[in-house]
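S.K.: Here's a structure for you.
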Amino acid sequence: MRTINHWIILSLAALLLLTQCKEAAKPIDKKALTKDMAAIDKALIPALYLTSIDKQFSSLEAMSQLTPQINHFIQKYEHKNPTDKQWDRDLDNIKSKLKYANQHVRANQLKQANIQDLDPMSTIFVQMRSRNGLDDYIPDQIHHLHSTSLSLASSISPQIPEDAQEVVINSTKTMYASVKKKFQQLKSEKMDNTLYSVPPKKRKYLMEVYGEVDMVLAQIDTALTSMDTHKINEAYGQLPKHFIEAYLVFGDFEVLQKK
């Protein structure tokens with residue numbers, strides 16, 4: 001009887017182990033992952049913005065929203081993505097960044113929180129999404145457009161000698177064409193609001209921001225045709241702020257205002 005019981009226990013243990021292995025081997029649900037990533041960005045984007053403008057009280061409130069979101073995400077997804085060998089290491093890094101971000105914000109060291117903790121954390125999430133096929137994640141597309149437009153804006157300056165300006169402008173045209181193409185692709189996408197949960201008023205505002213980007217792009221096209229350096233520089237400089245405005249739409253600032 002003891003031998004039979006022993007084999008029964010071993011069999012049940014083997015069955016449990018096999019079930020756990022099968023669950024671990026299941027591919028990650030990309031739609032659920034996108035939704036959970038968007039929930040984090042609702043809290044992460046305000047934390048990034050508020051620490052960047054030195055608002056400690058509001059940053060504390062933002063961290064109080066961000067911390068449980070990330071803890072829930074880690075609890076849900078830790079050891080659940082075996083096809084991504086970097087996954088659990090990234091989650092460990094995010095835990096560390098979250099810990100130090102909270103410490104820095106409580107100590108009113110907001111620049112450290114922004115530059116050393118929250119911005120690198122945001123980059124880790126971008127890399128996780130990229131590796132796992134979430135290339136259509138809208139905030140990441142906007143963030144990339146902002147980064148590229150910043151490069152455009154800084155490429156031309158009054159300090160560049162006049163005889164070199166045409167060469168510099170021509171060197172920016174490929175980058176500008178990329179921004180224009182990717183923005184048109186972004187605009188043509190239908191946003192699945194079951195994933196992003198952006199309120200109607202903010203979706204309307206997002207469309208208005210897109211319209212402002214369209215106007216700036218038209219100004220750039222005209223300026224490039226005439227090779228008017230001043231107008232090109234001015235128009236390039238307008239792009240980044242509009243992409244920031246679009247990016248902030250995906251953050252939940254309203255929940256902080258209600259506190």
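In the structure tokens, each chain is lettered A, B, ... as it comes, each chain's residues begin at 1, and ligands are numbered from 1 in order of appearance.
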Which residues are close to Ser130 in chain A, i.e. within 12 Å by only C-alpha atoms, leaving aside same-chain residues fewer than 2 positions away? Reply as a list in words.

M.R.: Lys30, Thr34, Asp84, Trp87, Thr123, Ile124, Phe125, Val126, Gln127, Met128, Asn132, Gly133, Leu134, Asp135, Asp136, Tyr137, Asp140 and Gln141 of chain A

S.K.: If we count only C-alpha atoms and set the cut-off at 9 Å, which residues sit around Gly237 in chain A, ignoring sequence neighbours fewer than 5 positions away in its own chain? Please answer as an mmCIF file with N, CA and C atoms, in the first residue's frame.

M.R.:
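File produced: around.cif:
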data_model
loop_
_atom_site.group_PDB
_atom_site.id
_atom_site.type_symbol
_atom_site.label_atom_id
_atom_site.label_comp_id
_atom_site.auth_asym_id
_atom_site.auth_seq_id
_atom_site.Cartn_x
_atom_site.Cartn_y
_atom_site.Cartn_z
ATOM 1 N N SER A 149 12.103 64.011 -34.324
ATOM 2 C CA SER A 149 11.859 65.439 -34.596
ATOM 3 C C SER A 149 12.779 66.331 -33.762
ATOM 4 N N LEU A 150 13.163 65.857 -32.574
ATOM 5 C CA LEU A 150 14.146 66.599 -31.774
ATOM 6 C C LEU A 150 15.487 66.667 -32.510
ATOM 7 N N LEU A 152 15.865 66.557 -35.718
ATOM 8 C CA LEU A 152 15.672 67.512 -36.815
ATOM 9 C C LEU A 152 15.818 68.944 -36.301
ATOM 10 N N ALA A 153 15.155 69.222 -35.175
ATOM 11 C CA ALA A 153 15.145 70.587 -34.636
ATOM 12 C C ALA A 153 16.536 71.059 -34.253
ATOM 13 N N SER A 154 17.381 70.132 -33.804
ATOM 14 C CA SER A 154 18.726 70.522 -33.368
ATOM 15 C C SER A 154 19.754 70.483 -34.501
ATOM 16 N N ILE A 232 12.674 76.861 -42.354
ATOM 17 C CA ILE A 232 12.900 75.435 -42.106
ATOM 18 C C ILE A 232 13.240 75.210 -40.638
#

S.K.: Give the answer as one residue: which of A:His143, A:Val249, A:Leu224, A:Glu234 has the shortest atom-to-atom distance to Tyr196 in chain A, using only C-alpha atoms?

M.R.: A:Val249

S.K.: Please compute the CA of Ile244 in chain A-CA of Leu145 in chain A distance, one decimal, in Å.

M.R.: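 Pair CA of Ile244 in chain A / CA of Leu145 in chain A returns 9.5 Å.
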
S.K.: In Å, rounded to a single decimal, give me how far CA of Gly211 in chain A is from CA of Leu33 in chain A.

M.R.: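 Taking CA of Leu33 in chain A as the start and CA of Gly211 in chain A as the end point, the length is 29.9 Å.
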
S.K.: Between CA of Gln65 in chain A and CA of Lys42 in chain A, what is the distance in Å, rounded to a tenth?

M.R.: 8.9 Å

S.K.: Could you check which of A:Gln116, A:Asp228, A:Ala235, A:Leu44 is closest to Asp252 in chain A, using only C-alpha atoms?

M.R.: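 Using only C-alpha atoms, the shortest distance to Asp252 in chain A belongs to A:Leu44.
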